[in-house]
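Participant: Encoded as C-alpha cells, here's the structure I'll be asking about.
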Amino acid sequence: MHEAKLVGDLVSEVEKVALANAAAHVERIRIEIGALSHVTPEALKGHFEILAQGSPAQGAHLDVTKSDDHTAEDAFDVRLVSIVVGKAR
C-alpha cells in the first residue's frame, strides 16, 4: 500500500513535468531508494506499470537503484532523481 501512494505521487509529478515541457510522453525516470527504506525496486516498478497507464509516464523506462549507504541523511527516503521527457507535442 505504501508503494502505491509513492508511485501515485510520482506519476502526478511526472505529469506536471511533461505538461510544463509540452511533452507527449516521458522517456526515462530515475529513482533512488535509501538504504533503510522498506520500499523495494521490484514493488515500485510493479506499481508504476499499473498506475502509469494512460499517463505521459506510461511506457517510460523506470531506473530504480537502492543505495547501500546506511548512514546517509536520506537513508529512509525515496528520491526522484531525474525525468527525461520526450519530444514536445
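Ordering of the C-alpha cells sets the chain letters (A, B, ...); residue numbers start at 1 within each chain; ligands are numbered from 1 in the order shown.
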Enumerate the residues of stretch 21-52 of chain A with a DSSP assignment of alpha helix (DSSP H), computed from the backbone, and present them as a compact mmCIF listing (two decimals) with C-alpha atoms, in the first residue's frame.

Facilitator:
```txt
# COMPACT_ATOMS: atom_id res chain seq x y z
CA PRO A 41 12.72 -1.65 -6.52
CA GLU A 42 10.52 -4.54 -7.66
CA ALA A 43 7.45 -3.29 -5.79
CA LEU A 44 7.99 0.25 -7.05
CA LYS A 45 8.28 -0.94 -10.65
CA GLY A 46 5.20 -3.17 -10.35
CA HIS A 47 3.02 -0.36 -9.03
CA PHE A 48 4.44 2.01 -11.61
CA GLU A 49 3.39 -0.21 -14.52
CA ILE A 50 -0.18 -0.19 -13.26
CA LEU A 51 -0.51 3.42 -12.10
```

Participant: Near A:Asp77, counting only C-alpha atoms, which residues have an atom at most 12 Å away, once you skip same-chain residues fewer than 6 positions from it, shown as a ChimeraX atom specification?

Facilitator: /A:6,31-40,66-67,69-70

Participant: Considering only strand (DSSP E) as DSSP defines it on the backbone, what residues of chain A qualify? List them as a list in words.

Facilitator: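 Secondary structure check on chain A, strand (DSSP E): Val26, Glu27, Arg28, Ile29, Arg30, Ile31, Glu32, Ile33, His61, Leu62, Asp63, Val64, Thr65, Lys66, Val78, Arg79, Leu80, Val81, Ser82, Ile83, Val84 and Val85 of chain A.
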
Participant: So which one's closest to A:Gln53, A:Ala22, A:Arg30, A:Phe76, A:Glu15? Using only C-alpha atoms, please.

Facilitator: A:Glu15
